[in-house]
$ cat my_file26.csv   # CSV, C-alpha atoms
chain,number,residue,atom,x,y,z
A,1,MET,CA,114.7,65.0,105.1
A,2,SER,CA,112.6,67.7,106.7
A,3,ALA,CA,115.3,70.3,106.0
A,4,GLY,CA,115.3,69.4,102.4
A,5,LEU,CA,111.5,69.7,102.3
A,6,GLU,CA,111.6,73.2,103.9
A,7,THR,CA,114.2,74.2,101.4
A,8,ALA,CA,112.0,73.1,98.6
A,9,ASN,CA,109.1,75.0,100.1
A,10,ILE,CA,111.3,78.2,100.2
A,11,LEU,CA,112.3,77.7,96.6
A,12,VAL,CA,108.6,77.4,95.7
A,13,LEU,CA,107.9,80.7,97.4
A,14,GLY,CA,110.4,82.5,95.4
A,15,LYS,CA,113.8,84.1,95.4
A,16,GLY,CA,115.3,87.5,96.2
A,17,ASP,CA,112.8,90.4,96.2
A,18,ASN,CA,109.9,88.1,95.3
A,19,LEU,CA,110.6,86.0,98.4
A,20,HIS,CA,110.8,89.2,100.5
A,21,GLN,CA,107.5,90.5,99.2
A,22,GLN,CA,105.8,87.2,100.0
A,23,VAL,CA,107.3,87.1,103.5
A,24,LEU,CA,106.1,90.6,104.2
A,25,ALA,CA,102.6,89.7,102.8
A,26,SER,CA,102.5,86.6,105.0
A,27,PHE,CA,103.2,88.6,108.2
A,28,PRO,CA,101.5,92.0,107.8
A,29,LEU,CA,101.5,92.5,111.6
A,30,CYS,CA,105.2,92.0,111.9
A,31,ASP,CA,107.2,95.3,112.0
A,32,VAL,CA,109.8,94.2,109.4
A,33,THR,CA,111.0,96.0,106.3
A,34,GLU,CA,112.4,94.6,103.1
A,35,GLU,CA,115.7,96.2,104.0
A,36,ASP,CA,115.8,94.1,107.2
A,37,LEU,CA,115.2,90.9,105.3
A,38,THR,CA,118.0,91.8,102.8
A,39,GLN,CA,120.5,92.5,105.6
A,40,ASN,CA,119.5,89.3,107.5
A,41,PRO,CA,119.1,86.5,104.9
A,42,LEU,CA,118.9,83.7,107.6
A,43,PHE,CA,116.1,85.5,109.3
A,44,SER,CA,114.3,85.9,106.0
A,45,LYS,CA,114.6,82.1,105.4
A,46,LEU,CA,113.3,81.5,108.9
A,47,LEU,CA,110.2,83.6,108.2
A,48,ALA,CA,109.7,81.9,104.8
A,49,THR,CA,109.7,78.6,106.6
A,50,LEU,CA,107.2,79.8,109.2
A,51,THR,CA,104.8,80.8,106.5
A,52,GLN,CA,104.2,77.1,105.8
A,53,HIS,CA,103.1,76.5,109.4
A,54,VAL,CA,101.3,79.7,110.6
A,55,ASP,CA,98.8,82.1,109.2
A,56,LYS,CA,98.9,85.9,108.9
A,57,THR,CA,97.9,86.3,112.6
A,58,GLY,CA,100.7,84.0,113.8
A,59,LEU,CA,98.5,81.1,114.8
A,60,THR,CA,99.4,77.5,113.8
A,61,VAL,CA,97.1,75.6,111.5
A,62,PRO,CA,95.7,73.1,114.2
A,63,LEU,CA,95.2,76.0,116.6
A,64,GLN,CA,93.4,78.0,114.0
A,65,THR,CA,91.1,75.0,113.2
A,66,GLU,CA,90.2,74.6,116.9
A,67,LEU,CA,89.6,78.3,117.1
A,68,ASP,CA,87.3,78.2,114.1
A,69,LYS,CA,85.3,75.4,115.7
A,70,ALA,CA,85.0,77.2,119.0
A,71,GLU,CA,83.9,80.3,117.0
A,72,GLN,CA,81.2,78.4,115.2
A,73,LYS,CA,80.0,76.9,118.5
A,74,LEU,CA,79.9,80.4,120.0
A,75,GLN,CA,78.1,81.8,117.1
A,76,SER,CA,75.5,79.1,117.3
A,77,GLN,CA,74.8,79.7,121.0
A,78,LYS,CA,74.8,83.4,120.3
A,79,ARG,CA,72.2,83.0,117.7
A,80,GLN,CA,70.0,81.0,120.0
A,81,TRP,CA,70.4,83.6,122.7
A,82,LEU,CA,69.6,86.4,120.3
A,83,ARG,CA,66.5,84.6,119.0
A,84,SER,CA,65.1,84.3,122.5
A,85,GLU,CA,66.2,87.8,123.5
A,86,ILE,CA,64.5,89.2,120.4
A,87,LEU,CA,61.2,87.4,121.2
A,88,HIS,CA,61.4,88.6,124.8
A,89,ARG,CA,62.0,92.2,123.9
A,90,GLY,CA,59.3,92.0,121.3
A,91,LEU,CA,56.8,90.9,123.9
A,92,GLN,CA,57.9,93.7,126.2
A,93,GLU,CA,57.5,96.3,123.4
A,94,MET,CA,54.0,94.9,122.7
A,95,ILE,CA,53.1,95.4,126.3
A,96,GLN,CA,54.4,98.9,126.4
A,97,GLU,CA,52.6,99.9,123.2
A,98,HIS,CA,49.4,98.4,124.7
A,99,CYS,CA,49.9,100.6,127.8
A,100,VAL,CA,50.3,103.7,125.6
A,101,ARG,CA,47.1,102.9,123.6
A,102,LYS,CA,45.1,102.1,126.8
A,103,HIS,CA,46.2,105.5,128.2
A,104,ASN,CA,45.2,107.4,125.1
A,105,ASN,CA,42.2,105.5,123.9
A,106,GLU,CA,39.8,102.8,125.0
A,107,VAL,CA,40.9,99.2,124.3
A,108,PRO,CA,38.5,96.3,123.8
A,109,PRO,CA,38.2,94.0,126.8
A,110,ASP,CA,39.6,90.9,124.9
A,111,GLN,CA,42.8,92.8,124.0
A,112,ASN,CA,43.1,94.1,127.5
A,113,MET,CA,42.8,90.6,128.9
A,114,PHE,CA,45.3,89.2,126.3
A,115,TYR,CA,48.0,91.8,127.2
A,116,GLU,CA,47.5,91.5,131.0
A,117,THR,CA,47.8,87.7,130.8
A,118,MET,CA,50.9,88.0,128.7
A,119,GLU,CA,52.5,90.5,131.1
A,120,ARG,CA,51.7,88.4,134.1
A,121,CYS,CA,53.2,85.3,132.5
A,122,LEU,CA,56.4,87.2,131.6
A,123,ARG,CA,56.8,88.6,135.1
A,124,VAL,CA,56.3,85.2,136.8
A,125,THR,CA,58.7,83.6,134.3
A,126,GLN,CA,61.4,86.2,135.1
A,127,CYS,CA,60.9,85.8,138.9
A,128,VAL,CA,61.2,82.0,138.6
A,129,ARG,CA,64.4,82.4,136.6
A,130,GLN,CA,65.8,84.7,139.2
A,131,LEU,CA,65.0,82.3,142.0
A,132,ASP,CA,66.6,79.4,140.1
A,133,PRO,CA,69.2,80.9,137.8
A,134,SER,CA,70.9,77.6,136.9
A,135,SER,CA,69.6,74.2,136.3
A,136,THR,CA,73.0,72.6,136.0
A,137,THR,CA,74.1,72.9,139.6
A,138,SER,CA,73.0,70.5,142.4
A,139,GLN,CA,73.7,73.0,145.2
A,140,ASP,CA,70.8,74.5,147.0
A,141,GLN,CA,70.2,78.2,146.0
A,142,PRO,CA,69.6,80.8,148.8
A,143,LEU,CA,66.0,81.8,149.0
A,144,ILE,CA,65.0,85.4,148.1
A,145,LEU,CA,62.5,86.8,150.7
A,146,GLY,CA,61.6,83.1,151.5
A,147,LEU,CA,60.1,82.6,148.0
A,148,THR,CA,60.4,79.4,146.0
A,149,PRO,CA,59.7,78.9,142.3
A,150,GLN,CA,56.7,76.7,143.2
A,151,ARG,CA,55.1,79.5,145.2
A,152,VAL,CA,55.7,82.1,142.5
A,153,THR,CA,54.1,79.9,139.7
A,154,GLN,CA,50.9,80.0,141.7
A,155,LEU,CA,50.6,83.6,140.6
A,156,LEU,CA,50.2,82.6,136.9
A,157,PRO,CA,46.8,83.5,135.3
A,158,SER,CA,44.1,80.9,134.9
A,159,GLU,CA,44.8,78.1,132.5
A,160,LYS,CA,41.9,79.2,130.3
A,161,ASN,CA,43.2,82.7,129.9
A,162,GLU,CA,46.7,81.4,129.4
A,163,GLN,CA,45.5,79.1,126.6
A,164,ARG,CA,43.7,81.9,124.8
A,165,MET,CA,46.8,84.1,125.1
A,166,ARG,CA,49.0,81.3,123.6
A,167,GLN,CA,46.6,80.9,120.7
A,168,ALA,CA,46.5,84.6,119.8
A,169,LEU,CA,50.2,85.3,120.6
A,170,PRO,CA,51.8,84.0,117.3
A,171,ARG,CA,49.4,86.2,115.2
A,172,GLN,CA,50.0,89.3,117.3
A,173,LEU,CA,53.7,88.7,117.5
A,174,GLU,CA,54.0,88.3,113.8
A,175,LYS,CA,52.1,91.5,113.2
A,176,HIS,CA,54.3,93.4,115.6
A,177,LEU,CA,57.5,92.0,114.0
A,178,LYS,CA,56.2,92.8,110.6
A,179,ASP,CA,55.6,96.4,111.6
A,180,LYS,CA,59.1,96.6,113.0
A,181,CYS,CA,60.6,95.2,109.8
A,182,LEU,CA,58.7,97.6,107.6
A,183,SER,CA,60.0,100.5,109.8
A,184,LEU,CA,63.5,99.1,109.3
A,185,LEU,CA,62.9,98.9,105.6
A,186,SER,CA,61.7,102.5,105.5
A,187,TYR,CA,64.8,103.6,107.4
A,188,TYR,CA,67.1,101.6,105.2
A,189,GLN,CA,65.5,102.8,101.9
A,190,PRO,CA,63.4,105.9,102.6
A,191,GLU,CA,62.2,106.0,99.0
A,192,TRP,CA,60.2,102.8,99.5
A,193,GLU,CA,58.1,104.3,102.3
A,194,ASN,CA,55.3,105.3,99.9
A,195,GLU,CA,55.2,101.9,98.1
A,196,SER,CA,52.2,99.6,98.4
A,197,GLU,CA,51.9,97.0,101.2
A,198,GLY,CA,52.5,94.1,98.8
A,199,LEU,CA,55.6,95.6,97.2
A,200,LYS,CA,57.0,96.4,100.7
A,201,THR,CA,56.4,92.8,101.8
A,202,ASN,CA,58.1,91.6,98.7
A,203,LYS,CA,61.1,93.8,99.2
A,204,LEU,CA,61.1,92.9,102.9
A,205,SER,CA,61.9,89.3,102.0
A,206,HIS,CA,65.2,90.5,100.4
A,207,LEU,CA,66.1,92.8,103.2
A,208,SER,CA,68.2,90.3,105.1
A,209,THR,CA,70.2,89.6,101.9
A,210,LEU,CA,70.8,93.3,101.4
A,211,LEU,CA,71.9,93.8,105.0
A,212,ASP,CA,74.2,90.8,104.8
A,213,LYS,CA,75.9,92.2,101.6
A,214,GLU,CA,76.2,95.6,103.3
A,215,LYS,CA,77.8,93.9,106.3
A,216,ARG,CA,80.3,92.0,104.2
A,217,ARG,CA,81.1,95.1,102.3
A,218,THR,CA,81.7,97.0,105.6
A,219,GLU,CA,83.9,94.2,106.9
A,220,LEU,CA,85.9,94.2,103.6
A,221,LEU,CA,86.4,98.0,103.9
A,222,LYS,CA,87.6,97.6,107.5
A,223,GLU,CA,90.1,95.0,106.4
A,224,ILE,CA,91.3,97.2,103.6
A,225,CYS,CA,91.6,100.1,106.1
A,226,ARG,CA,93.7,97.9,108.5
A,227,GLU,CA,96.0,96.8,105.6
A,228,ASN,CA,96.4,100.4,104.5
A,229,THR,CA,97.2,101.4,108.0
A,230,VAL,CA,99.9,98.8,108.3
A,231,LEU,CA,101.2,99.8,104.8
A,232,LEU,CA,101.2,103.5,105.8
A,233,GLN,CA,103.2,102.7,109.0
A,234,ARG,CA,105.7,100.8,107.0
A,235,GLN,CA,106.0,103.5,104.3
A,236,THR,CA,106.3,106.1,107.1
A,237,GLN,CA,109.3,104.2,108.6
A,238,LEU,CA,110.9,103.9,105.2
A,239,TYR,CA,110.4,107.6,104.6
A,240,LEU,CA,111.9,108.6,107.9
A,241,SER,CA,114.9,106.4,107.4
A,242,GLU,CA,115.5,107.9,103.9
A,243,LEU,CA,115.0,111.4,105.3
A,244,ILE,CA,117.6,110.7,107.9
A,245,LYS,CA,120.0,109.6,105.2
A,246,CYS,CA,119.3,112.7,103.2
A,247,ILE,CA,119.9,114.9,106.2
A,248,GLN,CA,123.2,113.2,106.9
A,249,LEU,CA,124.3,113.6,103.2
A,250,LEU,CA,123.2,117.3,103.3
A,251,GLN,CA,125.3,117.9,106.4
A,252,THR,CA,128.3,116.3,104.8
A,253,LEU,CA,127.9,118.5,101.7
A,254,ILE,CA,127.5,121.6,103.8
A,255,LEU,CA,130.6,120.8,105.7
A,256,ASP,CA,132.7,120.2,102.5
A,257,HIS,CA,131.3,123.4,101.0
A,258,LYS,CA,132.1,125.4,104.1
A,259,LEU,CA,135.7,124.1,104.1
A,260,LYS,CA,136.2,125.1,100.5
A,261,ILE,CA,134.6,128.5,100.9
A,262,GLN,CA,136.7,129.1,104.1
A,263,THR,CA,139.9,128.3,102.2
A,264,ASP,CA,139.0,130.8,99.5
A,265,LEU,CA,138.1,133.5,102.0
A,266,ASP,CA,141.4,133.0,103.8
A,267,ARG,CA,143.3,133.2,100.5
A,268,LYS,CA,141.6,136.5,99.6
A,269,LYS,CA,142.3,137.8,103.1
A,270,LEU,CA,146.0,137.0,102.7
A,271,VAL,CA,146.0,138.8,99.3
A,272,TYR,CA,144.3,141.8,101.0
A,273,PHE,CA,147.0,141.8,103.8
A,274,GLU,CA,149.7,141.6,101.2
A,275,GLY,CA,148.4,144.6,99.3
A,276,LYS,CA,147.9,146.5,102.5
A,277,CYS,CA,151.5,145.8,103.6
A,278,GLU,CA,152.8,147.0,100.2
A,279,LEU,CA,150.9,150.2,100.5
A,280,VAL,CA,152.3,150.8,104.0
A,281,LEU,CA,155.8,150.1,102.8
A,282,GLN,CA,155.4,152.5,99.9
A,283,LYS,CA,154.1,155.1,102.3
A,284,ILE,CA,157.0,154.6,104.6
A,285,LYS,CA,159.5,154.9,101.8
A,286,THR,CA,157.9,158.1,100.7
A,287,GLU,CA,157.9,159.6,104.1
A,288,MET,CA,161.6,158.6,104.6
A,289,VAL,CA,162.5,160.4,101.4
A,290,GLU,CA,160.7,163.5,102.5
A,291,VAL,CA,162.4,163.4,105.9
A,292,GLN,CA,165.8,163.1,104.3
A,293,LEU,CA,165.1,166.2,102.2
A,294,ASP,CA,163.9,168.2,105.2
A,295,THR,CA,166.2,170.0,107.7
A,296,TYR,CA,166.5,169.2,111.4
A,297,SER,CA,163.8,171.6,112.4
A,298,PRO,CA,161.6,171.1,115.5
A,299,ASP,CA,158.7,170.4,113.1
A,300,THR,CA,160.8,167.7,111.4
A,301,VAL,CA,161.5,166.0,114.8
A,302,SER,CA,157.9,166.1,115.7
A,303,ALA,CA,157.0,164.6,112.3
A,304,HIS,CA,159.6,161.9,112.9
A,305,ARG,CA,158.0,161.0,116.2
A,306,LYS,CA,154.5,160.9,114.7
A,307,ILE,CA,155.8,158.6,112.0
A,308,ARG,CA,157.5,156.4,114.5
A,309,GLN,CA,154.3,156.1,116.6
A,310,ARG,CA,152.2,155.3,113.6
A,311,LEU,CA,154.7,152.7,112.5
A,312,GLU,CA,154.6,151.1,115.9
A,313,CYS,CA,150.8,151.0,115.9
A,314,GLU,CA,150.8,149.5,112.4
A,315,LEU,CA,153.4,146.9,113.5
A,316,LYS,CA,151.3,145.9,116.5
A,317,ALA,CA,148.2,145.6,114.2
A,318,CYS,CA,150.2,143.4,111.8
A,319,LYS,CA,151.4,141.2,114.7
A,320,ALA,CA,147.9,140.7,115.8
A,321,GLU,CA,146.8,139.9,112.3
A,322,LYS,CA,149.7,137.5,112.1
A,323,GLN,CA,148.6,135.6,115.2
A,324,ALA,CA,145.0,135.4,113.9
A,325,VAL,CA,146.3,134.0,110.6
A,326,GLU,CA,148.5,131.5,112.4
A,327,LEU,CA,145.5,130.2,114.3
A,328,LYS,CA,143.5,129.8,111.2
A,329,LEU,CA,146.4,128.1,109.4
A,330,SER,CA,146.8,125.6,112.3
A,331,SER,CA,143.0,124.8,112.1
A,332,PHE,CA,143.3,124.2,108.3
A,333,GLY,CA,146.4,122.0,108.6
A,334,ILE,CA,144.3,119.0,107.6
A,335,LEU,CA,143.6,120.3,104.2
A,336,GLY,CA,146.8,119.0,102.6
A,337,LYS,CA,147.7,120.7,99.4
A,338,ALA,CA,145.4,123.6,100.2
A,339,PHE,CA,147.4,124.1,103.4
A,340,GLU,CA,150.6,124.4,101.4
A,341,ALA,CA,149.2,127.3,99.4
A,342,LEU,CA,148.2,129.0,102.7
A,343,ALA,CA,151.7,128.4,104.1
A,344,GLU,CA,153.2,130.1,101.1
A,345,GLU,CA,150.9,133.1,101.6
A,346,TYR,CA,151.9,133.1,105.3
A,347,SER,CA,155.6,133.2,104.3
A,348,ARG,CA,155.0,136.1,102.0
A,349,LEU,CA,153.2,138.0,104.7
A,350,ARG,CA,156.0,137.2,107.2
A,351,GLN,CA,158.5,138.7,104.8
A,352,GLU,CA,156.4,141.9,104.5
A,353,ILE,CA,156.3,142.2,108.3
A,354,ASP,CA,160.1,141.8,108.4
A,355,MET,CA,160.4,144.5,105.9
A,356,LYS,CA,158.3,146.8,108.2
A,357,ASN,CA,160.5,145.9,111.1
A,358,TRP,CA,163.6,146.8,109.0
A,359,ALA,CA,162.0,150.1,107.9
A,360,LEU,CA,161.2,151.0,111.5
A,361,LYS,CA,164.7,150.1,112.6
A,362,GLU,CA,166.2,152.3,109.9
A,363,LEU,CA,163.9,155.2,110.9
A,364,THR,CA,165.0,154.9,114.5
A,365,GLN,CA,168.7,155.0,113.6
A,366,TYR,CA,168.0,158.0,111.4
A,367,ASP,CA,166.4,159.8,114.3
A,368,GLU,CA,169.3,159.0,116.6
A,369,LYS,CA,171.8,160.5,114.1
$ encode --input "my_file26.csv" --output "structure tokens"
Amino acid sequence: MSAGLETANILVLGKGDNLHQQVLASFPLCDVTEEDLTQNPLFSKLLATLTQHVDKTGLTVPLQTELDKAEQKLQSQKRQWLRSEILHRGLQEMIQEHCVRKHNNEVPPDQNMFYETMERCLRVTQCVRQLDPSSTTSQDQPLILGLTPQRVTQLLPSEKNEQRMRQALPRQLEKHLKDKCLSLLSYYQPEWENESEGLKTNKLSHLSTLLDKEKRRTELLKEICRENTVLLQRQTQLYLSELIKCIQLLQTLILDHKLKIQTDLDRKKLVYFEGKCELVLQKIKTEMVEVQLDTYSPDTVSAHRKIRQRLECELKACKAEKQAVELKLSSFGILGKAFEALAEEYSRLRQEIDMKNWALKELTQYDEK
């Protein structure tokens, strides 16, 4: 029953190339190409079935749900921590700014008392937190310099000064945060810096929305960049595979062309050898006729010897060329019909060499007579 349901789900996804495209889109992080899916249909069906149970990151639906809940809880705790951290840093910045103003100009006594009280309260609170870092454990914490939280809290300012500080703190903190937000607004939109206070405050109320849109747009661009990176890697692999195929095809074409050209070159060389042999034979016949017409003078005997030496040298050269041609013919024995044509040329060349041997033999007998 489950197998039939999975088959139905696969049919809903699509068939052929459409199914392959949907599988590749469902698993963008998987290093699989469409050619791999085509060559392995069972693997393609397996991935198509997995798309019903996992997401693009490879997580199952229940696990993704639990992960989303944990992420929401983490974000909530993170927001609480950030809220308290922002307030704490804001108070520290207020104290630092007060120190700078007090160093440069005179500060009214009430402001001086306000900031000194706030600074002492912050320091005592930090020390108490360091002495008792966790309220969830029942174990006794080791004492630092023999101090206890109760002894440190005795250093708090008077209750009257602390009460005055708490009453004035929200107003001062609001003013400080407003100044920081206006500075952020001027940094985000410098052209609004010369606007009126009311207009800046109005635009400041929309700043969080603008920053949230900018953040979403940035995240969208990052996601598009990641998808383009994965697509570029896949296209690079396809390009390299196609390039390898083209190189192999080019090597095959070069080899075939080289074999054809080599055959033509050998045929032309055989024609050249044939013509050269014919010229040598004609020259030998001419010289033999001249020798028959001459008398047996010492000059004639010397000429006979020169002719004989020259014929012997030419015979050695022809034998060397014959051996070279035989080697080439043996290497081209796989060419079939082309080899038969080369064999015929070789036979013709062999006949010419035999004719040279005969001419040399006749000349030798003539010298002996």
$ atom_distance --input "my_file26.csv" --atom1 "atom CA of A:Lys260" --atom2 "atom CA of A:Glu344"
17.7 Å
$ closest_residue --input "my_file26.csv" --among "A:Leu185, A:Leu42, A:Cys318, A:Leu327" --to "A:Lys276" --atoms "all atoms listed in the file"
A:Cys318
$ residues_around --input "my_file26.csv" --residues "A:Arg166" --least-positions-apart "4" --cutoff "12 Å" --atoms "all atoms listed in the file" --output "PDB file with C-alpha atoms, in the coordinates of the input"
ATOM      1  CA  PHE A 114      45.300  89.200 126.300  1.00  0.00           C
ATOM      2  CA  TYR A 115      48.000  91.800 127.200  1.00  0.00           C
ATOM      3  CA  THR A 117      47.800  87.700 130.800  1.00  0.00           C
ATOM      4  CA  MET A 118      50.900  88.000 128.700  1.00  0.00           C
ATOM      5  CA  CYS A 121      53.200  85.300 132.500  1.00  0.00           C
ATOM      6  CA  GLU A 159      44.800  78.100 132.500  1.00  0.00           C
ATOM      7  CA  LYS A 160      41.900  79.200 130.300  1.00  0.00           C
ATOM      8  CA  ASN A 161      43.200  82.700 129.900  1.00  0.00           C
ATOM      9  CA  GLU A 162      46.700  81.400 129.400  1.00  0.00           C
ATOM     10  CA  PRO A 170      51.800  84.000 117.300  1.00  0.00           C
ATOM     11  CA  ARG A 171      49.400  86.200 115.200  1.00  0.00           C
ATOM     12  CA  GLN A 172      50.000  89.300 117.300  1.00  0.00           C
ATOM     13  CA  LEU A 173      53.700  88.700 117.500  1.00  0.00           C
TER      14      LEU A 173
END
$ atom_distance --input "my_file26.csv" --atom1 "atom CA of A:Gln52" --atom2 "atom CA of A:Ser26"
9.7 Å
$ atom_distance --input "my_file26.csv" --atom1 "atom CA of A:Phe273" --atom2 "atom CA of A:Ile254"
28.1 Å
$ residues_around --input "my_file26.csv" --residues "A:Lys322" --least-positions-apart "2" --cutoff "9 Å" --atoms "only C-alpha atoms" --output "NGL selection string"
:A and (317-320 or 324-327 or 346 or 349-350 or 353)
$ residues_around --input "my_file26.csv" --residues "A:Gly275" --least-positions-apart "6" --cutoff "10 Å" --atoms "all atoms listed in the file" --output "list of chain:residue names"
A:Lys269, A:Leu281, A:Leu349, A:Glu352
$ write_last_selection --input "my_file26.csv" --atoms "C-alpha atoms" --output "PDB file, keeping the file's coordinate frame"
ATOM      1  CA  LYS A 269     142.300 137.800 103.100  1.00  0.00           C
ATOM      2  CA  LEU A 281     155.800 150.100 102.800  1.00  0.00           C
ATOM      3  CA  LEU A 349     153.200 138.000 104.700  1.00  0.00           C
ATOM      4  CA  GLU A 352     156.400 141.900 104.500  1.00  0.00           C
TER       5      GLU A 352
END
$ closest_residue --input "my_file26.csv" --among "A:Glu312, A:Glu195, A:Glu85, A:Glu116" --to "A:Leu156" --atoms "all atoms listed in the file"
A:Glu116
$ closest_residue --input "my_file26.csv" --among "A:Gln237, A:Gln309, A:Ser76, A:Ser186" --to "A:Lys203" --atoms "all atoms listed in the file"
A:Ser186
$ closest_residue --input "my_file26.csv" --among "A:Met113, A:Leu204, A:Ile86, A:Val230" --to "A:Ala168" --atoms "all atoms listed in the file"
A:Met113
$ residues_near_point --input "my_file26.csv" --point "(155.2, 153.2, 103.1)" --cutoff "12 Å" --atoms "only C-alpha atoms" --output "number ranges by chain"
A: 275-290, 307, 310-311, 314, 352, 355-356, 359-360, 363
